[in-house]
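Enquirer: Sharing query-v2.txt here; it has compact mmCIF, C-alpha atoms.
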# COMPACT_ATOMS: atom_id res chain seq x y z
CA MET S 11 25.95 -16.71 17.53
CA ASN S 12 26.83 -18.70 14.42
CA ALA S 13 27.51 -16.21 11.63
CA GLN S 14 26.77 -18.85 8.98
CA ARG S 15 23.04 -19.03 9.63
CA GLY S 16 20.92 -18.83 6.50
CA LEU S 17 18.62 -16.00 5.58
CA GLU S 18 15.65 -18.36 5.46
CA ASN S 19 15.81 -18.84 9.25
CA ILE S 20 15.26 -15.17 10.00
CA PHE S 21 11.83 -14.57 8.52
CA ASP S 22 8.45 -16.16 8.81
CA GLU S 23 6.97 -17.98 5.82
CA GLU S 24 4.66 -15.11 4.79
CA LYS S 25 7.60 -12.82 4.10
CA CYS S 26 10.01 -15.32 2.55
CA GLY S 27 8.97 -14.57 -1.03
CA GLN S 28 9.20 -10.82 -0.52
CA ILE S 29 12.54 -11.06 1.30
CA SER S 30 13.96 -13.39 -1.34
CA SER S 31 13.11 -10.89 -4.05
CA ILE S 32 14.76 -8.03 -2.13
CA SER S 33 17.78 -10.19 -1.30
CA MET S 34 18.31 -10.99 -4.97
CA GLU S 35 18.01 -7.31 -5.89
CA PHE S 36 20.50 -6.18 -3.21
CA ASP S 37 22.96 -9.01 -3.85
CA SER S 38 23.04 -8.49 -7.61
CA LYS S 39 23.00 -4.68 -7.80
CA PHE S 40 23.72 -2.92 -4.49
CA LEU S 41 26.48 -5.11 -3.06
CA PRO S 42 28.80 -4.93 -6.12
CA LYS S 43 28.56 -1.12 -5.98
CA ILE S 44 29.36 -1.08 -2.26
CA ILE S 45 32.33 -3.43 -2.72
CA GLU S 46 33.76 -1.33 -5.52
CA ALA S 47 33.28 1.94 -3.60
CA THR S 48 34.85 0.56 -0.39
CA GLN S 49 37.95 -0.82 -2.12
CA THR S 50 38.36 2.43 -4.08
CA PHE S 51 37.99 4.61 -0.98
CA TRP S 52 40.28 2.62 1.36
CA GLU S 53 42.61 1.44 -1.41
CA ASP S 54 42.71 -2.16 -0.25
CA GLU S 55 41.12 -5.53 -1.02
CA TYR S 56 38.33 -6.83 1.24
CA LYS S 57 35.95 -9.75 1.29
CA PHE S 58 32.23 -8.94 1.44
CA ARG S 59 29.22 -11.12 2.19
CA LEU S 60 25.56 -10.27 2.68
CA PHE S 61 24.85 -11.83 6.06
CA ASP S 62 21.33 -10.81 7.00
CA ILE S 63 18.23 -8.92 5.92
CA ASN S 64 15.49 -7.87 8.33
CA ASN S 65 12.77 -5.27 8.57
CA HIS S 66 13.09 -4.39 12.27
CA GLU S 67 12.42 -0.78 13.14
CA LYS S 68 15.41 -0.92 15.50
CA VAL S 69 18.59 -2.53 14.21
CA LYS S 70 19.60 -3.78 17.65
CA ASP S 71 16.44 -5.89 17.90
CA GLU S 72 18.59 -8.55 16.27
CA LYS S 73 20.47 -10.40 19.00
CA TYR S 74 23.71 -10.60 17.07
CA LEU S 75 23.77 -6.76 16.94
CA GLU S 76 22.46 -5.87 20.40
CA ASN S 77 25.96 -5.46 21.90
CA ASP S 78 27.45 -3.59 18.94
CA SER S 79 28.18 0.12 18.80
CA PHE S 80 27.93 2.02 15.51
CA PHE S 81 29.08 5.14 13.78
CA ILE S 82 25.88 6.42 12.10
CA SER S 83 25.50 8.53 8.98
CA GLN S 84 22.11 9.45 7.45
CA VAL S 85 20.88 10.79 4.15
CA PRO S 86 17.64 12.59 5.03
CA SER S 87 14.48 12.28 2.92
CA GLU S 88 11.36 14.45 2.78
CA SER S 89 8.80 11.75 2.04
CA THR S 90 10.36 8.39 2.83
CA PRO S 91 12.46 7.02 5.71
CA PRO S 92 16.12 8.14 5.47
CA VAL S 93 18.90 6.03 4.04
CA THR S 94 21.06 5.11 7.04
CA ILE S 95 24.59 3.68 7.01
CA ARG S 96 26.00 2.19 10.22
CA LEU S 97 29.66 1.29 10.62
CA SER S 98 30.43 -1.08 13.50
CA GLU S 99 33.09 -0.18 16.05
CA GLU S 100 35.30 -2.98 14.69
CA PHE S 101 34.99 -1.47 11.21
CA VAL S 102 36.06 1.95 12.47
CA ARG S 103 39.12 0.51 14.25
CA LEU S 104 40.24 -1.73 11.41
CA PHE S 105 39.82 0.82 8.62
CA LEU S 106 41.20 3.82 10.50
CA HIS S 107 44.21 1.75 11.57
CA ALA S 108 44.72 0.77 7.93
CA ALA S 109 44.49 4.44 6.93
CA PHE S 110 46.69 5.94 9.67
CA GLY S 111 49.03 3.09 10.61
CA SER S 112 48.96 0.27 13.12
CA ASN S 113 51.13 2.07 15.74
CA LEU S 114 48.27 4.45 16.65
CA PRO S 115 46.16 3.67 19.76
CA LEU S 116 42.74 1.99 19.46
CA PHE S 117 40.02 4.23 18.00
CA GLU S 118 37.03 4.74 20.32
CA LEU S 119 33.71 5.88 18.88
CA SER S 120 33.17 8.17 21.84
CA ASP S 121 36.54 9.84 21.30
CA LEU S 122 36.89 10.38 17.55
CA SER S 123 38.58 13.48 16.26
CA GLU S 124 36.98 15.85 13.76
CA LEU S 125 39.24 14.52 11.02
CA GLU S 126 38.31 10.92 11.77
CA ILE S 127 34.60 11.81 11.73
CA LYS S 128 35.03 13.59 8.39
CA ILE S 129 36.77 10.54 6.91
CA LEU S 130 34.03 8.20 8.07
CA ASN S 131 31.27 10.55 6.84
CA ALA S 132 33.08 10.88 3.52
CA TYR S 133 33.17 7.10 3.17
CA CYS S 134 29.44 6.78 3.98
CA ASP S 135 28.65 9.50 1.45
CA PHE S 136 30.87 7.79 -1.12
CA ILE S 137 29.15 4.39 -0.89
CA TYR S 138 25.70 6.05 -0.85
CA LYS S 139 26.48 7.81 -4.12
CA SER S 140 27.67 4.48 -5.58
CA PHE S 141 24.19 2.92 -5.30
CA SER S 142 21.89 5.97 -5.15
CA ASN S 143 21.11 5.71 -8.86
CA ILE S 144 19.71 2.20 -8.24
CA LEU S 145 17.12 3.48 -5.78
CA ILE S 146 13.71 4.50 -7.10
CA PRO S 147 13.54 8.33 -7.11
CA GLN S 148 11.07 9.76 -4.61
CA GLU S 149 9.31 11.75 -7.33
CA ASN S 150 8.46 8.48 -9.10
CA LEU S 151 6.59 7.06 -6.10
CA ASN S 152 2.80 7.16 -6.01
CA LYS S 153 0.73 8.17 -3.00
CA ILE S 154 0.41 4.64 -1.69
CA GLU S 155 4.16 4.00 -1.96
CA LEU S 156 4.94 7.29 -0.22
CA LYS S 157 2.79 6.21 2.72
CA ASN S 158 4.83 3.03 3.05
CA LYS S 159 7.23 3.57 5.95
CA ASP S 160 8.68 0.07 5.95
CA ILE S 161 12.45 -0.35 5.89
CA TYR S 162 14.97 -3.12 5.26
CA ASN S 163 18.23 -3.52 7.13
CA PHE S 164 21.07 -5.17 5.19
CA THR S 165 23.96 -6.46 7.32
CA ILE S 166 27.22 -6.94 5.40
CA ILE S 167 30.21 -8.81 6.86
CA ILE S 168 33.60 -7.46 5.74
CA LYS S 169 36.94 -9.26 6.21
CA ASN S 170 40.31 -7.61 5.83
CA SER S 171 43.55 -9.27 4.77
CA ASP S 172 44.10 -10.44 8.36
CA GLU S 173 40.70 -12.25 8.31
CA LYS S 174 39.29 -9.91 10.93
CA ASN S 175 35.53 -9.29 10.72
CA SER S 176 33.60 -6.05 10.84
CA LYS S 177 30.07 -5.02 9.89
CA ILE S 178 28.20 -2.44 7.86
CA VAL S 179 24.43 -2.14 8.28
CA ILE S 180 22.65 -0.24 5.50
CA THR S 181 18.98 0.70 6.04
CA LEU S 182 16.94 1.45 2.91
CA PRO S 183 13.26 2.49 2.52
CA ALA S 184 11.22 -0.46 1.22
CA SER S 185 9.36 1.79 -1.23
CA ARG S 186 12.60 2.77 -3.01
CA ILE S 187 13.87 -0.76 -3.69
CA LYS S 188 13.03 -2.38 -7.01
CA ARG S 189 11.87 -5.93 -6.55
CA LYS S 190 12.70 -8.62 -9.00
CA GLU S 191 9.89 -11.04 -9.68
CA ILE S 192 10.66 -14.61 -8.75
CA LYS S 193 9.75 -17.10 -11.45
CA LYS S 194 8.29 -20.25 -10.04
CA GLU S 195 9.11 -23.43 -11.88
CA GLU S 196 6.16 -25.70 -12.44
CA ASN S 197 7.07 -29.31 -11.90
CA TYR S 198 3.76 -30.62 -13.21
CA SER S 199 1.35 -29.99 -16.05
CA ASP S 200 -2.37 -29.25 -15.86
CA ASP S 201 -2.90 -32.09 -18.31
CA GLU S 202 -1.93 -34.56 -15.60
CA PHE S 203 -5.19 -33.71 -13.80
CA LYS S 204 -7.52 -33.43 -16.80
CA ASN S 205 -9.26 -36.74 -16.03
CA ILE S 206 -10.00 -35.90 -12.39
CA SER S 207 -13.73 -35.28 -11.87
CA ALA S 208 -15.58 -32.58 -9.98
CA TYR S 209 -19.26 -31.89 -9.34
CA VAL S 210 -20.75 -28.64 -10.61
CA ASP S 211 -24.19 -27.12 -11.21
CA ILE S 212 -25.31 -26.36 -14.76
CA GLU S 213 -28.17 -24.00 -15.41
CA ALA S 214 -30.09 -24.24 -18.69
CA GLY S 215 -31.94 -20.96 -18.28
CA SER S 216 -34.59 -19.13 -16.33
CA SER S 217 -38.01 -17.59 -16.71
CA LYS S 218 -40.50 -15.51 -14.74
CA LEU S 219 -43.82 -17.00 -13.68
CA THR S 220 -46.67 -15.52 -11.70
CA LEU S 221 -47.71 -17.27 -8.50
CA SER S 222 -50.91 -18.23 -10.25
CA ASP S 223 -48.94 -19.99 -13.00
CA LEU S 224 -46.66 -21.64 -10.47
CA LYS S 225 -49.39 -23.15 -8.31
CA ASN S 226 -51.22 -24.45 -11.39
CA ILE S 227 -48.28 -26.40 -12.80
CA SER S 228 -49.17 -30.02 -13.46
CA ASN S 229 -47.51 -33.06 -14.99
CA GLY S 230 -47.07 -32.79 -18.72
CA ASP S 231 -46.88 -28.98 -18.71
CA ILE S 232 -44.03 -27.40 -20.62
CA ILE S 233 -42.29 -24.38 -19.06
CA LEU S 234 -40.51 -22.27 -21.65
CA LEU S 235 -37.26 -20.73 -20.34
CA GLU S 236 -37.46 -17.23 -21.75
CA ASP S 237 -33.91 -16.41 -20.60
CA SER S 238 -32.10 -19.20 -22.46
CA PHE S 239 -30.44 -19.99 -25.77
CA VAL S 240 -29.73 -23.41 -27.25
CA ASN S 241 -26.00 -22.70 -27.73
CA LYS S 242 -25.31 -21.43 -24.19
CA MET S 243 -25.65 -22.50 -20.58
CA LYS S 244 -24.25 -21.39 -17.24
CA ILE S 245 -21.87 -23.33 -15.02
CA ILE S 246 -21.93 -22.67 -11.26
CA THR S 247 -18.99 -23.48 -8.99
CA GLY S 248 -19.47 -22.05 -5.52
CA ASP S 249 -20.26 -18.34 -5.91
CA ASN S 250 -18.78 -18.23 -9.40
CA ILE S 251 -21.25 -18.24 -12.32
CA ARG S 252 -19.91 -18.38 -15.86
CA GLU S 253 -21.61 -18.67 -19.23
CA PHE S 254 -20.18 -21.20 -21.67
CA LYS S 255 -20.86 -22.47 -25.19
CA ILE S 256 -22.35 -25.90 -25.87
CA ASN S 257 -23.39 -28.16 -28.72
CA PRO S 258 -27.18 -28.60 -28.38
CA ASP S 259 -28.62 -32.08 -28.77
CA PRO S 260 -30.99 -32.17 -31.79
CA ALA S 261 -32.86 -35.06 -30.17
CA LEU S 262 -34.24 -32.60 -27.60
CA MET S 263 -36.09 -30.56 -30.20
CA ILE S 264 -39.88 -30.86 -30.11
CA GLU S 265 -42.84 -29.22 -31.81
CA LEU S 266 -45.79 -28.25 -29.65
CA ASP S 267 -49.08 -29.97 -30.50
CA GLU S 268 -52.37 -28.24 -29.95
CA ASP S 269 -52.93 -30.30 -26.82
CA GLU S 270 -49.56 -29.28 -25.37
CA HIS S 271 -49.34 -25.87 -23.83
CA ASP S 272 -47.15 -23.62 -21.81
CA VAL S 273 -48.26 -22.78 -18.29
CA ASP S 274 -48.35 -19.14 -19.32
CA GLY S 275 -51.50 -19.96 -21.30
CA GLU S 276 -53.46 -21.10 -18.22
CA GLU S 277 -56.21 -18.82 -17.05
CA ASN S 278 -57.42 -18.77 -13.48
CA THR S 279 -60.63 -16.93 -12.77
CA ASN S 280 -60.05 -17.12 -9.01
CA LYS S 281 -56.96 -14.92 -9.03
CA ASN S 282 -56.24 -12.51 -6.23
CA MET S 283 -53.66 -9.74 -5.94
CA TRP S 284 -50.95 -12.22 -4.92
CA ASP S 285 -51.37 -14.30 -8.04
CA ASP S 286 -50.01 -11.60 -10.35
CA ILE S 287 -46.67 -11.35 -8.51
CA GLN S 288 -43.87 -12.60 -10.75
CA ILE S 289 -41.02 -14.71 -9.41
CA GLU S 290 -37.91 -16.03 -11.11
CA VAL S 291 -37.72 -19.76 -11.78
CA ASN S 292 -34.35 -21.34 -12.66
CA ALA S 293 -33.88 -24.64 -14.49
CA ARG S 294 -30.84 -26.46 -13.19
CA PHE S 295 -29.43 -29.95 -13.51
CA LYS S 296 -28.77 -31.86 -10.32
CA LYS S 297 -24.99 -31.83 -9.62
CA VAL S 298 -23.26 -32.78 -12.84
CA LYS S 299 -19.96 -34.69 -12.83
CA MET S 300 -17.38 -33.13 -15.17
CA THR S 301 -13.65 -33.63 -15.60
CA LEU S 302 -11.13 -30.87 -14.95
CA GLY S 303 -10.22 -31.13 -18.62
CA GLU S 304 -13.77 -30.18 -19.60
CA LEU S 305 -13.79 -27.36 -17.07
CA LYS S 306 -10.51 -26.10 -18.49
CA HIS S 307 -12.06 -26.04 -21.97
CA ILE S 308 -14.97 -24.04 -20.55
CA SER S 309 -12.56 -21.48 -19.08
CA LYS S 310 -10.95 -21.10 -22.51
CA GLY S 311 -14.33 -20.42 -24.16
CA LEU S 312 -14.32 -23.65 -26.20
CA VAL S 313 -17.56 -25.35 -27.26
CA ILE S 314 -18.49 -28.23 -24.92
CA ASP S 315 -20.48 -31.35 -25.80
CA LEU S 316 -22.95 -32.05 -22.98
CA GLY S 317 -24.59 -35.12 -24.51
CA SER S 318 -24.44 -37.15 -21.28
CA VAL S 319 -25.60 -34.18 -19.20
CA PHE S 320 -28.79 -33.75 -21.24
CA GLU S 321 -29.92 -37.20 -20.12
CA ASN S 322 -30.00 -36.09 -16.47
CA GLU S 323 -33.14 -34.89 -14.74
CA ILE S 324 -33.56 -31.14 -14.56
CA SER S 325 -35.26 -29.23 -11.72
CA LEU S 326 -37.19 -25.99 -11.51
CA LEU S 327 -36.00 -23.94 -8.55
CA VAL S 328 -37.38 -20.89 -6.79
CA GLU S 329 -34.81 -19.33 -4.46
CA ASN S 330 -32.80 -22.61 -4.63
CA LYS S 331 -35.91 -24.52 -3.57
CA THR S 332 -37.07 -27.31 -5.93
CA VAL S 333 -40.72 -26.95 -6.98
CA ALA S 334 -40.84 -29.38 -9.92
CA LYS S 335 -38.73 -31.82 -11.93
CA GLY S 336 -38.76 -32.86 -15.54
CA GLU S 337 -36.80 -33.33 -18.73
CA LEU S 338 -35.06 -30.75 -20.88
CA VAL S 339 -36.49 -30.04 -24.36
CA ILE S 340 -35.80 -27.50 -27.09
CA ILE S 341 -38.48 -25.29 -28.59
CA ASN S 342 -37.20 -23.22 -31.51
CA ASP S 343 -34.02 -21.57 -30.16
CA LYS S 344 -34.84 -21.81 -26.46
CA TYR S 345 -34.84 -24.48 -23.80
CA ALA S 346 -37.93 -25.64 -21.95
CA VAL S 347 -38.74 -28.12 -19.20
CA LYS S 348 -41.41 -30.77 -19.61
CA ILE S 349 -42.78 -31.43 -16.12
CA ASN S 350 -43.06 -35.00 -14.88
CA GLU S 351 -43.08 -34.46 -11.10
CA ILE S 352 -44.47 -31.72 -8.85
CA ILE S 353 -42.59 -31.16 -5.61
CA SER S 354 -44.81 -29.71 -2.87
CA ASP S 355 -43.77 -29.41 0.75
CA THR S 356 -46.63 -27.12 1.72
CA PRO S 357 -48.61 -28.81 4.53
CA LYS S 358 -51.95 -27.10 3.94
CA PRO S 359 -53.52 -29.50 1.42
CA GLN S 360 -52.68 -32.51 3.60
CA THR S 361 -53.91 -30.76 6.74
CA GLN S 362 -57.25 -30.04 5.12
CA GLN S 363 -57.72 -33.66 4.16
CA GLN S 364 -56.78 -34.81 7.63
CA THR S 365 -59.13 -32.37 9.34
CA ALA S 366 -61.96 -33.37 7.02
CA LYS S 367 -62.06 -36.85 8.53
CA PRO S 368 -62.81 -35.80 12.11
CA GLN S 369 -65.35 -33.33 10.78
CA ALA S 370 -67.19 -36.24 9.15
CA ALA S 371 -67.04 -38.28 12.34
CA GLN S 372 -67.91 -35.49 14.78
CA PRO S 373 -71.61 -35.20 13.85
CA GLN S 374 -72.08 -38.88 14.70
CA LYS S 375 -71.49 -38.15 18.40
CA PRO S 376 -74.82 -36.39 19.03
CA ALA S 377 -76.57 -39.23 17.16
CA ALA S 378 -75.21 -41.66 19.76
CA LYS S 379 -76.16 -39.46 22.70
CA PRO S 380 -79.15 -40.81 24.77
CA GLN S 381 -80.75 -37.41 25.31
CA ALA S 382 -83.16 -37.79 22.41
CA ALA S 383 -84.19 -41.27 23.63
CA GLN S 384 -84.56 -40.12 27.27
CA ALA S 385 -87.04 -37.48 26.21
CA GLN S 386 -89.12 -40.25 24.61
CA LYS S 387 -91.14 -37.68 22.80
CA PRO S 388 -93.04 -39.33 19.93
CA GLN S 389 -92.55 -36.26 17.76
CA ALA S 390 -88.75 -36.46 18.08
CA ALA S 391 -88.26 -39.72 16.18
CA PRO S 392 -89.72 -38.67 12.83
CA LYS S 393 -88.12 -35.24 13.01
CA PRO S 394 -85.34 -34.80 10.43
CA GLN S 395 -83.20 -32.80 12.89
CA ALA S 396 -81.67 -35.91 14.41
CA ALA S 397 -80.62 -37.13 10.97
CA GLN S 398 -79.19 -33.74 9.91
CA PRO S 399 -75.94 -34.09 11.86
CA GLN S 400 -75.12 -37.15 9.73
CA LYS S 401 -75.01 -35.09 6.56
CA PRO S 402 -71.37 -33.98 7.05
CA ALA S 403 -70.42 -37.68 6.98
CA ALA S 404 -71.64 -37.79 3.41
CA LYS S 405 -70.02 -34.47 2.51
CA PRO S 406 -67.54 -34.98 -0.34
CA ALA S 407 -63.81 -34.21 0.12
CA PRO S 408 -62.70 -30.65 -0.79
CA LYS S 409 -62.32 -30.11 -4.50
CA LYS S 410 -58.93 -29.43 -6.09
CA ASP S 411 -59.81 -25.78 -6.74
CA GLU S 412 -60.76 -25.32 -3.06
CA ILE S 413 -57.41 -26.74 -1.94
CA GLU S 414 -55.41 -24.67 -4.37
CA GLU S 415 -57.21 -21.56 -3.23
CA ASP S 416 -55.32 -21.94 0.06
CA PHE S 417 -51.92 -21.87 -1.71
CA ASP S 418 -49.23 -21.26 0.85
CA TYR S 419 -47.77 -17.89 -0.08
CA SER S 420 -45.53 -17.92 2.99
CA ASP S 421 -43.10 -20.11 1.01
CA PHE S 422 -42.25 -17.09 -1.13
CA GLU S 423 -42.17 -14.45 1.58
CA GLU S 424 -38.79 -13.01 2.33
CA GLU S 425 -37.18 -14.39 5.45
CA LYS S 426 -36.65 -11.80 8.15
Turn this file's structure into structure tokens for me.

Expert:
Amino acid sequence: MNAQRGLENIFDEEKCGQISSISMEFDSKFLPKIIEATQTFWEDEYKFRLFDINNHEKVKDEKYLENDSFFISQVPSESTPPVTIRLSEEFVRLFLHAAFGSNLPLFELSDLSELEIKILNAYCDFIYKSFSNILIPQENLNKIELKNKDIYNFTIIIKNSDEKNSKIVITLPASRIKRKEIKKEENYSDDEFKNISAYVDIEAGSSKLTLSDLKNISNGDIILLEDSFVNKMKIITGDNIREFKINPDPALMIELDEDEHDVDGEENTNKNMWDDIQIEVNARFKKVKMTLGELKHISKGLVIDLGSVFENEISLLVENKTVAKGELVIINDKYAVKINEIISDTPKPQTQQQTAKPQAAQPQKPAAKPQAAQAQKPQAAPKPQAAQPQKPAAKPAPKKDEIEEDFDYSDFEEEK
């Protein structure tokens, strides 16, 4: 396998940022300590290079290590995975030959003497002590960090003066490695997008109306938004609702005449128990186009001029369902909506009008029937009974109050 492969080819994209941070930390702090300790211990100059980082539970899961044999030394830990140092078989041969002389036979891992094992353990202990003060102490870890059993394996390639390669694999607990934050360079400015437009919802305020008030709304009525203030509105983007400051338009201010009234002043003598139920009504502009620059100003809490927005039609909504439309006005320090269109999708009033027509026509059928003529009774002709069925034809259409009495409350029932 090509030993020059880059670190970026080893990990998936999700872990690249995390691995890069750890790589920088190890390369800048751990590796210099290991180099210095190795050259001091073996009294010779060597070339070191960080070759690979991975987080495999088993070191030999990497193909380039699956055929290697290692001398293993561990520093046990009570709460975190142990620090493990693995010396490849080539490392053991090269360094022990350098220490004892080249005329000695090859060193086999399975046939090391006690002295050779002590030397190798001493070296592992020596390099561990060289970087141990860089590791985060276990006592400084919180409960979440102590539960983290992840590890990182650092493979280091070492070359001696004869350009022969060997490996050291150092395994460290992920929770004990300090991670350096990677600063991302921004190659563009937010100002470059300030003129790009987006559509948002703007809410002027809300109020609570009874069902009786709601079904008696008519054109020209003014609905005062009790939960509103002339210097504030709400902007809605998706599920995010945020209050922001605005400059109110003085042209929207009105004074109520005696003839003008709020729906709250209406009295209905035909109320029933449903009519007193209060529901929340929101006043919201239909999708307003704003630039990202304006939205950025909103996020900073700056005052926004909504002059063009005020000219748009505003809707009254109940559970995101439009019930009326109108224009925004200002009364004292609150907003209000002057109604100019009632939106009704309840079928009952239309159904009543439609059914009234056949009711007027139905009584004419018995008048056309021949039974009364077949009887040929002289008393039957002057009798008013035959003319009575025609009365429904002259019956006037249902009055407005009679239609409104059948207000469809199912529109406001909770969906199950």

Enquirer: Find, counting all atoms listed in the file, the residue in S:Met300, S:Ser216, S:Ile245, S:Gly317 that gets nearest to Glu329 of chain S.

Expert: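 Using all atoms listed in the file, the shortest distance to Glu329 of chain S belongs to S:Ser216.
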
Enquirer: Choose the residue, out of S:Asp62, S:Glu88, S:Asp211, S:Asp201, that has the smallest atom-to-atom separation from Lys299 of chain S; count all atoms listed in the file.

Expert: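 Going through S:Asp62, S:Glu88, S:Asp211, S:Asp201 one by one, the smallest distance to Lys299 of chain S is for S:Asp211.
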
Enquirer: Residues near Pro147 of chain S, anyone? I mean within 12 Å using only C-alpha atoms, not counting same-chain ones fewer than 2 positions away, as a PyMOL selection string.

Expert: chain S and resi 87-90+142-145+149-152+155-156+183+185-188

Enquirer: Show me the residues close to (27.9, -4.4, -0.1) - anything with an atom within 7 Å, counting only C-alpha atoms - and format the list as a list in words.

Expert: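 Residues with an atom close enough to that point: Phe40, Leu41, Pro42, Lys43, Ile44, Ile45, Phe58, Leu60 and Ile166 of chain S.
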
Enquirer: Which is closer to Ser228 of chain S than all the others in S:Val179, S:Ile167, S:Ile349, S:Ile206, using all atoms listed in the file?

Expert: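 Among the listed residues, the smallest separation from Ser228 of chain S belongs to S:Ile349.
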
Enquirer: Taking into account all atoms listed in the file, which residue in the set S:Ile251, S:Ile314, S:Ile256, S:Leu219 is nearest to Leu327 of chain S?

Expert: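 Answer, going by the shortest atom-to-atom distance: S:Leu219.
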
Enquirer: Quote the spacing between atom CA of Glu290 of chain S and atom CA of Asp259 of chain S in Å to one decimal place.

Expert: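 Atom CA of Asp259 of chain S lies at a distance of 25.6 Å from atom CA of Glu290 of chain S.
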
Enquirer: Please compute the atom CA of Asp223 of chain S-atom CA of Val319 of chain S distance, one decimal, in Å.

Expert: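 If I compute the distance from atom CA of Asp223 of chain S to atom CA of Val319 of chain S, I get 28.0 Å.
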
Enquirer: Start from the incomplete input, build N, CA and C atoms for segment 283-300 of chain S, and deliver everything as a short mmCIF file (atom, residue, chain, number, x, y, z; two decimals), in the coordinates of the input.

Expert:
data_model
loop_
_atom_site.label_atom_id
_atom_site.label_comp_id
_atom_site.auth_asym_id
_atom_site.auth_seq_id
_atom_site.Cartn_x
_atom_site.Cartn_y
_atom_site.Cartn_z
N MET S 283 -54.77 -10.67 -5.69
CA MET S 283 -53.66 -9.74 -5.94
C MET S 283 -52.30 -10.44 -5.84
N TRP S 284 -52.21 -11.51 -5.05
CA TRP S 284 -50.95 -12.22 -4.92
C TRP S 284 -50.60 -12.98 -6.19
N ASP S 285 -51.60 -13.43 -6.90
CA ASP S 285 -51.37 -14.30 -8.04
C ASP S 285 -50.62 -13.64 -9.18
N ASP S 286 -50.66 -12.31 -9.25
CA ASP S 286 -50.01 -11.60 -10.35
C ASP S 286 -48.54 -11.29 -10.06
N ILE S 287 -48.08 -11.60 -8.86
CA ILE S 287 -46.67 -11.35 -8.51
C ILE S 287 -45.78 -12.30 -9.30
N GLN S 288 -44.77 -11.78 -9.96
CA GLN S 288 -43.87 -12.60 -10.75
C GLN S 288 -42.63 -12.98 -9.95
N ILE S 289 -42.23 -14.22 -10.07
CA ILE S 289 -41.02 -14.71 -9.41
C ILE S 289 -40.15 -15.40 -10.44
N GLU S 290 -38.85 -15.42 -10.18
CA GLU S 290 -37.91 -16.03 -11.11
C GLU S 290 -37.77 -17.52 -10.82
N VAL S 291 -37.86 -18.31 -11.87
CA VAL S 291 -37.72 -19.76 -11.78
C VAL S 291 -36.50 -20.17 -12.60
N ASN S 292 -35.56 -20.90 -11.98
CA ASN S 292 -34.35 -21.34 -12.66
C ASN S 292 -34.43 -22.84 -12.95
N ALA S 293 -33.94 -23.22 -14.12
CA ALA S 293 -33.88 -24.64 -14.49
C ALA S 293 -32.44 -25.11 -14.38
N ARG S 294 -32.21 -26.05 -13.49
CA ARG S 294 -30.84 -26.46 -13.19
C ARG S 294 -30.74 -27.97 -13.07
N PHE S 295 -29.68 -28.53 -13.64
CA PHE S 295 -29.43 -29.95 -13.51
C PHE S 295 -28.94 -30.25 -12.09
N LYS S 296 -29.27 -31.45 -11.62
CA LYS S 296 -28.77 -31.86 -10.32
C LYS S 296 -27.30 -32.22 -10.44
N LYS S 297 -26.44 -31.61 -9.68
CA LYS S 297 -24.99 -31.83 -9.62
C LYS S 297 -24.45 -32.72 -10.74
N VAL S 298 -23.79 -32.08 -11.67
CA VAL S 298 -23.26 -32.78 -12.84
C VAL S 298 -21.78 -33.08 -12.63
N LYS S 299 -21.36 -34.29 -12.97
CA LYS S 299 -19.96 -34.69 -12.83
C LYS S 299 -19.21 -34.37 -14.12
N MET S 300 -18.18 -33.52 -14.01
CA MET S 300 -17.38 -33.13 -15.17
C MET S 300 -15.91 -33.28 -14.82
#
